[in-house]
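Asks: First the structure, which I've put down as structure tokens, then a few questions once you've had a look.
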Amino acid sequence: MAQRIDLPRSNQEEYLRLHRAVWPEVEATLTHAGIRNYSIFLVDEHLFAYFEVDDATSLSEASAAIAQDPKTQQWWTLTDPLQRRLEGTPDGEQWLTLKEIWHLD
């Protein structure tokens, strides 16, 4: 899976500070929900995330499990306001999921 969102320069220092020490409970929730190999990249004011979802889990199932975690909800109260959602991002979602057009194993 790949996703995009913007991160205004004025918010980058705080966002990077938070991500230098992601809460272990948030990481555990992601892992428990079936998320693996998760990376976030920054270019200018653009964040790009890449992650894999276990074969037995759909993205919607993983997202629902993650959204139910109180510690992750608390984390989002810190990170979400720093980001700028992209036009076309579905209601109820923070990041825009990108459509895969090519893959090489």
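Going through the structure tokens in order, the chains are called A, B, and so on, while each chain numbers its residues from 1 and the ligands are numbered from 1 in the order shown.
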Out of chain A, which residues get strand (DSSP E or B) from DSSP, as a PyMOL selection string?
Replies: chain A and resi 2-6+35-43+46-53+84+96-97
Asks: Store the residues picked out above, limited to C-alpha atoms, as a PDB file, in the first residue's frame.
Replies:
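Ended up saving to again_19.pdb:
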ATOM      1  CA  ALA A   2       1.122   3.531  -0.684  1.00  0.00           C
ATOM      2  CA  GLN A   3      -0.381   6.728   0.663  1.00  0.00           C
ATOM      3  CA  ARG A   4       0.183  10.477   0.374  1.00  0.00           C
ATOM      4  CA  ILE A   5      -0.504  13.555   2.466  1.00  0.00           C
ATOM      5  CA  ASP A   6       1.106  16.969   2.747  1.00  0.00           C
ATOM      6  CA  ILE A  35       0.775  -3.910   9.043  1.00  0.00           C
ATOM      7  CA  ARG A  36       4.389  -4.690   8.110  1.00  0.00           C
ATOM      8  CA  ASN A  37       7.359  -3.017   6.459  1.00  0.00           C
ATOM      9  CA  TYR A  38       5.994   0.497   7.142  1.00  0.00           C
ATOM     10  CA  SER A  39       8.012   3.552   6.079  1.00  0.00           C
ATOM     11  CA  ILE A  40       7.176   7.245   5.770  1.00  0.00           C
ATOM     12  CA  PHE A  41       9.230   9.448   3.440  1.00  0.00           C
ATOM     13  CA  LEU A  42       9.399  13.251   3.229  1.00  0.00           C
ATOM     14  CA  VAL A  43      10.070  15.294   0.090  1.00  0.00           C
ATOM     15  CA  HIS A  46       4.936  15.873   0.804  1.00  0.00           C
ATOM     16  CA  LEU A  47       4.752  12.736   2.929  1.00  0.00           C
ATOM     17  CA  PHE A  48       4.673   9.363   1.206  1.00  0.00           C
ATOM     18  CA  ALA A  49       3.961   6.197   3.186  1.00  0.00           C
ATOM     19  CA  TYR A  50       4.582   2.621   2.106  1.00  0.00           C
ATOM     20  CA  PHE A  51       3.477  -0.460   4.033  1.00  0.00           C
ATOM     21  CA  GLU A  52       2.401  -4.016   3.507  1.00  0.00           C
ATOM     22  CA  VAL A  53      -0.733  -5.651   4.887  1.00  0.00           C
ATOM     23  CA  ARG A  84      -2.743  18.727   5.309  1.00  0.00           C
ATOM     24  CA  LEU A  96      -4.984   9.432   0.373  1.00  0.00           C
ATOM     25  CA  THR A  97      -4.405   5.802  -0.678  1.00  0.00           C
TER      26      THR A  97
END
Asks: Do you know which residues are at most 10 Å from stretch 16-32 of chain A counting only C-alpha atoms, after dropping those on the same chain fewer than 4 positions away, and could you put them as a list in words?
Replies: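 Residues meeting the cut-off are Asn11, Gln12, Arg36, Asn37, Tyr38, Ile40, Leu42, Val53, Asp54, Ala62, Ser63, Ala65, Ile66, Ala67, Gln68, Asp69, Pro70, Lys71, Thr72, Gln73, Gln74, Trp75, Trp76, Leu78 and Thr79 of chain A.
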Asks: Can you check which residues of chain A DSSP gives as alpha helix (DSSP H) on the backbone and send them as JSON, numbers by chain?
Replies: {"A": [9, 10, 11, 12, 13, 14, 15, 16, 17, 18, 19, 24, 25, 26, 27, 28, 29, 30, 31, 32, 59, 60, 61, 62, 63, 64, 65, 66, 67, 70, 71, 72, 73, 74, 75, 76, 77, 78, 79]}
Asks: Please, what distance in Å, to one decimal, runs between atom CA of A:Glu100 and atom CA of A:Met1?
Replies: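 Interatomic distance here is 7.7 Å.
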Asks: Restricting the calculation to only C-alpha atoms, which member of A:Asp105, A:Gly34, A:Pro8, A:Glu45 is positioned closest to A:Ser58?
Replies: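 For A:Ser58, the nearest of the candidates is A:Gly34.
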Asks: Pick from A:Asp80, A:Glu93, A:Glu13, A:Glu87: nearest to A:Ser60, with only C-alpha atoms counted?
Replies: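 Checking each candidate against A:Ser60, we get A:Glu93 as the closest.
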